[in-house]
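Data file: work-v4.pdb. Format and content: PDB, C-alpha atoms and all ligand atoms.
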ATOM      1  CA  MET B   1      52.614 -64.468 -52.862  1.00  0.00           C
ATOM      2  CA  LYS B   2      55.806 -65.268 -50.964  1.00  0.00           C
ATOM      3  CA  ALA B   3      58.448 -62.649 -50.152  1.00  0.00           C
ATOM      4  CA  LEU B   4      61.468 -62.102 -47.918  1.00  0.00           C
ATOM      5  CA  VAL B   5      60.382 -59.531 -45.343  1.00  0.00           C
ATOM      6  CA  TYR B   6      62.608 -57.538 -42.995  1.00  0.00           C
ATOM      7  CA  GLN B   7      61.352 -57.916 -39.437  1.00  0.00           C
ATOM      8  CA  GLY B   8      63.846 -55.687 -37.604  1.00  0.00           C
ATOM      9  CA  PRO B   9      67.575 -56.054 -36.877  1.00  0.00           C
ATOM     10  CA  GLY B  10      68.645 -59.678 -37.198  1.00  0.00           C
ATOM     11  CA  LYS B  11      65.172 -60.866 -38.146  1.00  0.00           C
ATOM     12  CA  LYS B  12      63.637 -61.783 -41.477  1.00  0.00           C
ATOM     13  CA  SER B  13      60.900 -64.086 -42.723  1.00  0.00           C
ATOM     14  CA  TRP B  14      59.914 -65.798 -45.973  1.00  0.00           C
ATOM     15  CA  THR B  15      56.228 -65.240 -45.721  1.00  0.00           C
ATOM     16  CA  ASP B  16      52.894 -64.636 -47.434  1.00  0.00           C
ATOM     17  CA  VAL B  17      52.230 -61.006 -48.402  1.00  0.00           C
ATOM     18  CA  PRO B  18      49.632 -59.332 -50.634  1.00  0.00           C
ATOM     19  CA  GLN B  19      50.316 -59.325 -54.358  1.00  0.00           C
ATOM     20  CA  PRO B  20      51.473 -55.852 -55.534  1.00  0.00           C
ATOM     21  CA  VAL B  21      49.044 -53.765 -57.573  1.00  0.00           C
ATOM     22  CA  LEU B  22      49.441 -50.789 -59.896  1.00  0.00           C
ATOM     23  CA  LEU B  23      49.348 -47.580 -57.839  1.00  0.00           C
ATOM     24  CA  ASN B  24      50.280 -45.011 -60.500  1.00  0.00           C
ATOM     25  CA  PRO B  25      49.877 -44.870 -64.298  1.00  0.00           C
ATOM     26  CA  SER B  26      53.665 -45.170 -64.785  1.00  0.00           C
ATOM     27  CA  ASP B  27      53.875 -48.419 -62.775  1.00  0.00           C
ATOM     28  CA  ALA B  28      54.425 -51.934 -64.047  1.00  0.00           C
ATOM     29  CA  ILE B  29      54.077 -55.236 -62.218  1.00  0.00           C
ATOM     30  CA  VAL B  30      56.923 -57.673 -62.880  1.00  0.00           C
ATOM     31  CA  ARG B  31      57.088 -61.370 -62.058  1.00  0.00           C
ATOM     32  CA  VAL B  32      60.544 -61.900 -60.600  1.00  0.00           C
ATOM     33  CA  ASP B  33      62.288 -64.769 -62.397  1.00  0.00           C
ATOM     34  CA  THR B  34      65.664 -64.395 -60.664  1.00  0.00           C
ATOM     35  CA  THR B  35      66.946 -62.115 -57.945  1.00  0.00           C
ATOM     36  CA  THR B  36      70.065 -61.717 -55.814  1.00  0.00           C
ATOM     37  CA  ILE B  37      71.208 -61.136 -52.285  1.00  0.00           C
ATOM     38  CA  CYS B  38      73.431 -58.061 -52.245  1.00  0.00           C
ATOM     39  CA  GLY B  39      75.976 -57.053 -49.634  1.00  0.00           C
ATOM     40  CA  THR B  40      73.698 -54.124 -48.916  1.00  0.00           C
ATOM     41  CA  ASP B  41      70.986 -56.579 -47.863  1.00  0.00           C
ATOM     42  CA  LEU B  42      73.346 -57.961 -45.226  1.00  0.00           C
ATOM     43  CA  HIS B  43      73.789 -54.454 -43.799  1.00  0.00           C
ATOM     44  CA  ILE B  44      70.023 -53.955 -43.809  1.00  0.00           C
ATOM     45  CA  LEU B  45      69.488 -57.272 -42.045  1.00  0.00           C
ATOM     46  CA  LYS B  46      71.961 -56.237 -39.337  1.00  0.00           C
ATOM     47  CA  GLY B  47      69.981 -53.043 -38.801  1.00  0.00           C
ATOM     48  CA  ASP B  48      72.585 -50.717 -40.305  1.00  0.00           C
ATOM     49  CA  VAL B  49      70.075 -48.974 -42.607  1.00  0.00           C
ATOM     50  CA  PRO B  50      67.430 -47.462 -40.338  1.00  0.00           C
ATOM     51  CA  ALA B  51      65.411 -46.093 -43.272  1.00  0.00           C
ATOM     52  CA  VAL B  52      64.365 -49.689 -43.961  1.00  0.00           C
ATOM     53  CA  GLN B  53      61.330 -50.287 -41.788  1.00  0.00           C
ATOM     54  CA  GLU B  54      59.936 -53.517 -40.429  1.00  0.00           C
ATOM     55  CA  GLY B  55      57.641 -55.142 -42.944  1.00  0.00           C
ATOM     56  CA  ARG B  56      59.672 -54.045 -45.985  1.00  0.00           C
ATOM     57  CA  ILE B  57      60.186 -56.644 -48.735  1.00  0.00           C
ATOM     58  CA  LEU B  58      63.937 -56.729 -49.394  1.00  0.00           C
ATOM     59  CA  GLY B  59      65.857 -56.970 -52.657  1.00  0.00           C
ATOM     60  CA  HIS B  60      66.855 -54.415 -55.259  1.00  0.00           C
ATOM     61  CA  GLU B  61      68.007 -56.431 -58.237  1.00  0.00           C
ATOM     62  CA  GLY B  62      66.269 -58.817 -60.525  1.00  0.00           C
ATOM     63  CA  VAL B  63      65.338 -60.167 -63.909  1.00  0.00           C
ATOM     64  CA  GLY B  64      61.678 -60.721 -64.591  1.00  0.00           C
ATOM     65  CA  THR B  65      58.698 -60.712 -66.910  1.00  0.00           C
ATOM     66  CA  VAL B  66      56.210 -57.852 -67.177  1.00  0.00           C
ATOM     67  CA  THR B  67      52.730 -59.035 -66.178  1.00  0.00           C
ATOM     68  CA  GLU B  68      50.838 -55.730 -66.021  1.00  0.00           C
ATOM     69  CA  VAL B  69      51.427 -52.131 -67.128  1.00  0.00           C
ATOM     70  CA  GLY B  70      49.773 -48.866 -66.120  1.00  0.00           C
ATOM     71  CA  SER B  71      48.031 -46.589 -68.590  1.00  0.00           C
ATOM     72  CA  GLY B  72      51.060 -44.269 -68.686  1.00  0.00           C
ATOM     73  CA  VAL B  73      53.561 -46.974 -69.688  1.00  0.00           C
ATOM     74  CA  HIS B  74      54.347 -46.766 -73.402  1.00  0.00           C
ATOM     75  CA  ASP B  75      57.598 -48.629 -74.016  1.00  0.00           C
ATOM     76  CA  LEU B  76      56.822 -51.953 -72.325  1.00  0.00           C
ATOM     77  CA  ALA B  77      54.211 -54.640 -72.800  1.00  0.00           C
ATOM     78  CA  VAL B  78      53.014 -57.698 -70.920  1.00  0.00           C
ATOM     79  CA  GLY B  79      55.438 -60.533 -71.578  1.00  0.00           C
ATOM     80  CA  ASP B  80      58.574 -58.398 -71.987  1.00  0.00           C
ATOM     81  CA  ARG B  81      61.642 -59.827 -70.241  1.00  0.00           C
ATOM     82  CA  VAL B  82      63.321 -57.058 -68.283  1.00  0.00           C
ATOM     83  CA  ILE B  83      66.204 -56.140 -65.996  1.00  0.00           C
ATOM     84  CA  ILE B  84      64.938 -54.381 -62.880  1.00  0.00           C
ATOM     85  CA  SER B  85      67.268 -51.519 -62.017  1.00  0.00           C
ATOM     86  CA  CYS B  86      67.959 -50.904 -58.343  1.00  0.00           C
ATOM     87  CA  ILE B  87      67.634 -47.182 -59.144  1.00  0.00           C
ATOM     88  CA  LYS B  88      64.283 -45.564 -59.947  1.00  0.00           C
ATOM     89  CA  SER B  89      64.323 -42.892 -62.614  1.00  0.00           C
ATOM     90  CA  CYS B  90      61.306 -40.814 -63.486  1.00  0.00           C
ATOM     91  CA  GLY B  91      63.002 -39.613 -66.660  1.00  0.00           C
ATOM     92  CA  HIS B  92      61.568 -36.110 -66.334  1.00  0.00           C
ATOM     93  CA  CYS B  93      63.147 -34.351 -63.352  1.00  0.00           C
ATOM     94  CA  ILE B  94      66.199 -32.142 -63.750  1.00  0.00           C
ATOM     95  CA  ASN B  95      68.477 -34.780 -62.235  1.00  0.00           C
ATOM     96  CA  CYS B  96      67.226 -37.528 -64.565  1.00  0.00           C
ATOM     97  CA  ARG B  97      67.555 -35.179 -67.533  1.00  0.00           C
ATOM     98  CA  SER B  98      71.139 -34.528 -66.420  1.00  0.00           C
ATOM     99  CA  GLY B  99      71.875 -38.252 -66.190  1.00  0.00           C
ATOM    100  CA  LEU B 100      71.968 -38.211 -62.380  1.00  0.00           C
ATOM    101  CA  TYR B 101      69.383 -40.971 -61.963  1.00  0.00           C
ATOM    102  CA  SER B 102      70.602 -41.943 -58.511  1.00  0.00           C
ATOM    103  CA  HIS B 103      69.328 -38.544 -57.359  1.00  0.00           C
ATOM    104  CA  CYS B 104      65.970 -38.749 -59.150  1.00  0.00           C
ATOM    105  CA  LEU B 105      63.557 -36.208 -57.706  1.00  0.00           C
ATOM    106  CA  GLY B 106      60.491 -38.364 -58.418  1.00  0.00           C
ATOM    107  CA  GLU B 107      58.325 -38.637 -55.315  1.00  0.00           C
ATOM    108  CA  GLU B 108      58.337 -42.442 -55.219  1.00  0.00           C
ATOM    109  CA  GLY B 109      60.172 -43.464 -52.039  1.00  0.00           C
ATOM    110  CA  VAL B 110      61.925 -40.182 -51.218  1.00  0.00           C
ATOM    111  CA  ALA B 111      62.601 -37.389 -53.719  1.00  0.00           C
ATOM    112  CA  GLY B 112      66.315 -37.211 -54.425  1.00  0.00           C
ATOM    113  CA  ILE B 113      67.083 -40.845 -53.580  1.00  0.00           C
ATOM    114  CA  GLY B 114      67.290 -43.193 -56.564  1.00  0.00           C
ATOM    115  CA  TRP B 115      67.752 -46.477 -54.699  1.00  0.00           C
ATOM    116  CA  VAL B 116      64.239 -47.260 -53.549  1.00  0.00           C
ATOM    117  CA  PHE B 117      63.645 -51.017 -53.992  1.00  0.00           C
ATOM    118  CA  GLY B 118      64.034 -53.004 -50.796  1.00  0.00           C
ATOM    119  CA  HIS B 119      64.826 -49.710 -49.067  1.00  0.00           C
ATOM    120  CA  LEU B 120      61.980 -47.192 -49.293  1.00  0.00           C
ATOM    121  CA  ILE B 121      59.483 -49.305 -51.271  1.00  0.00           C
ATOM    122  CA  ASP B 122      59.023 -53.062 -51.507  1.00  0.00           C
ATOM    123  CA  GLY B 123      61.755 -54.908 -53.371  1.00  0.00           C
ATOM    124  CA  THR B 124      62.538 -57.839 -55.593  1.00  0.00           C
ATOM    125  CA  GLN B 125      63.043 -60.771 -53.210  1.00  0.00           C
ATOM    126  CA  ALA B 126      59.454 -61.709 -53.912  1.00  0.00           C
ATOM    127  CA  GLU B 127      57.377 -63.433 -56.547  1.00  0.00           C
ATOM    128  CA  TYR B 128      56.165 -60.090 -57.943  1.00  0.00           C
ATOM    129  CA  VAL B 129      57.282 -56.473 -57.614  1.00  0.00           C
ATOM    130  CA  ARG B 130      55.705 -53.117 -58.470  1.00  0.00           C
ATOM    131  CA  VAL B 131      58.109 -50.954 -60.470  1.00  0.00           C
ATOM    132  CA  PRO B 132      57.486 -47.180 -60.544  1.00  0.00           C
ATOM    133  CA  TYR B 133      58.442 -45.110 -63.602  1.00  0.00           C
ATOM    134  CA  ALA B 134      58.577 -48.399 -65.481  1.00  0.00           C
ATOM    135  CA  ASP B 135      59.507 -46.941 -68.873  1.00  0.00           C
ATOM    136  CA  ASN B 136      62.730 -45.556 -67.377  1.00  0.00           C
ATOM    137  CA  SER B 137      63.408 -48.013 -64.553  1.00  0.00           C
ATOM    138  CA  LEU B 138      63.162 -51.279 -66.518  1.00  0.00           C
ATOM    139  CA  TYR B 139      65.419 -52.425 -69.355  1.00  0.00           C
ATOM    140  CA  LYS B 140      64.223 -54.863 -71.994  1.00  0.00           C
ATOM    141  CA  MET B 141      66.507 -57.861 -72.385  1.00  0.00           C
ATOM    142  CA  PRO B 142      67.738 -58.732 -75.860  1.00  0.00           C
ATOM    143  CA  ASP B 143      66.538 -62.045 -77.227  1.00  0.00           C
ATOM    144  CA  GLY B 144      68.943 -64.944 -77.125  1.00  0.00           C
ATOM    145  CA  SER B 145      70.743 -64.392 -73.818  1.00  0.00           C
ATOM    146  CA  SER B 146      70.246 -66.932 -71.078  1.00  0.00           C
ATOM    147  CA  THR B 147      68.697 -66.011 -67.752  1.00  0.00           C
ATOM    148  CA  PRO B 148      71.980 -66.626 -65.851  1.00  0.00           C
ATOM    149  CA  ARG B 149      73.802 -64.332 -68.268  1.00  0.00           C
ATOM    150  CA  ARG B 150      71.062 -61.758 -67.902  1.00  0.00           C
ATOM    151  CA  SER B 151      71.405 -62.082 -64.169  1.00  0.00           C
ATOM    152  CA  CYS B 152      74.999 -60.921 -64.356  1.00  0.00           C
ATOM    153  CA  PHE B 153      73.821 -57.659 -65.830  1.00  0.00           C
ATOM    154  CA  ARG B 154      70.987 -56.946 -63.481  1.00  0.00           C
ATOM    155  CA  THR B 155      73.017 -55.397 -60.733  1.00  0.00           C
ATOM    156  CA  PHE B 156      76.261 -54.173 -62.228  1.00  0.00           C
ATOM    157  CA  CYS B 157      74.975 -52.354 -65.269  1.00  0.00           C
ATOM    158  CA  PRO B 158      72.091 -50.392 -63.759  1.00  0.00           C
ATOM    159  CA  ARG B 159      73.884 -49.668 -60.519  1.00  0.00           C
ATOM    160  CA  ASP B 160      77.181 -48.651 -62.006  1.00  0.00           C
ATOM    161  CA  LEU B 161      75.747 -46.812 -64.960  1.00  0.00           C
ATOM    162  CA  LYS B 162      73.169 -44.967 -62.963  1.00  0.00           C
ATOM    163  CA  SER B 163      75.103 -44.382 -59.780  1.00  0.00           C
ATOM    164  CA  ALA B 164      78.660 -43.782 -60.806  1.00  0.00           C
ATOM    165  CA  SER B 165      78.656 -42.100 -64.143  1.00  0.00           C
ATOM    166  CA  ARG B 166      76.756 -39.955 -66.507  1.00  0.00           C
ATOM    167  CA  PRO B 167      75.706 -41.591 -69.758  1.00  0.00           C
ATOM    168  CA  ALA B 168      77.371 -40.333 -72.906  1.00  0.00           C
ATOM    169  CA  GLU B 169      75.568 -37.358 -74.364  1.00  0.00           C
TER     170      GLU B 169
HETATM  171 ZN    ZN W   1      72.877 -54.184 -54.263  1.00  0.00          ZN
HETATM  172 ZN    ZN W   2      63.815 -38.275 -61.982  1.00  0.00          ZN
END
Give the structure from the file, written as structure tokens.
Amino acid sequence: MKALVYQGPGKKSWTDVPQPVLLNPSDAIVRVDTTTICGTDLHILKGDVPAVQEGRILGHEGVGTVTEVGSGVHDLAVGDRVIISCIKSCGHCINCRSGLYSHCLGEEGVAGIGWVFGHLIDGTQAEYVRVPYADNSLYKMPDGSSTPRRSCFRTFCPRDLKSASRPAE
């Protein structure tokens, strides 16, 4: 598949990379239908985010279609249209249970850091992406909304809801 790959400060390439595969039972594979370029990506491309290593597929926002689910995924099925949150959430750790998803202690990426896509694991500026903790990190889109309208939600809602506030009890 094709993906936008970080190649070090000031360098990137749109290139062929291996298709992602399920690594854990809670994973899903999502075909990316639309994605964005975020201001954060510009900082990464300049080399301002040293945790992003050469070879990393960039992108942490997207709308897509589930193409594969792991054996531990219960709330999603192949064909579901979903918003991909920039923030992982395992749903089980004390921080997730407290609504502090941006500090999820799940081991994917780094424990305690919620923003993993295009940062600590491969991201969404690609034809397909592997999503860990899929039941909690993907949001099914309601029927009837257009893809552009869905696209407006893909960054603001997950980021702001998960990073800046606690959900209502
Ligand atoms: Zn962003
Ligand atoms: Zn968690």
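Once all atoms listed in the file are used for the distance check, the residues close to ligand ZN 2 (chain W) at 8 Å turn out to be B:Lys88, B:Ser89, B:Cys90, B:Gly91, B:His92, B:Cys93, B:Ile94, B:Asn95, B:Cys96, B:Arg97, B:Tyr101, B:His103, B:Cys104, B:Leu105, B:Gly106.
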Query raised in the report: When the cut-off is 7 Å and you count all atoms listed in the file, which residues lie near ligand ZN 1 (chain W), shown as a PyMOL selection string?
Result: chain B and resi 38-40+60-61+155
Query raised in the report: What's the 8 Å shell around B:Asp80, counting all atoms listed in the file, without same-chain residues fewer than 6 positions away, as number ranges by chain?
Result: B: 65-66, 140-141
Query raised in the report: So which residues get picked by the PyMOL selection byres (((chain B and resi 102) around 7) and not hetatm) here, written as number ranges by chain?
Result: B: 87, 100-101, 103-104, 113-115, 162-163
**Report entry** d(atom CA of B:Ile44, atom CA of B:Glu68) in Å
**Finding:** 29.4 Å
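The spacing separating atom CA of B:Arg81 from atom CA of B:Val131 amounts to 13.7 Å.
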Report task. Tell me which residues the PyMOL selection byres (((chain B and resi 1) around 7) and not hetatm) grabs here, as a list in words. Result -> Lys2, Ala3, Asp16, Val17, Pro18, Gln19 and Glu127 of chain B
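Minimum atom-to-atom distances from B:Ser98, B:Asn24, B:Ser137, B:Ser13 to B:Gln125 were compared using all atoms listed in the file, and the lowest value belongs to B:Ser13.
If you look at atom CA of B:Ile121 and atom CA of B:Ile57, they are 7.8 Å away from each other.
Among B:Pro25, B:Gly118, B:Gly8, B:Gly47, the residue with the shortest atom-to-atom distance to B:Ser71, counting all atoms listed in the file, is B:Pro25.
Checking B:Gly99, B:Gly55, B:Gly72, B:Gly123 one by one against B:Pro20, counting only C-alpha atoms, you find the shortest gap at B:Gly123.
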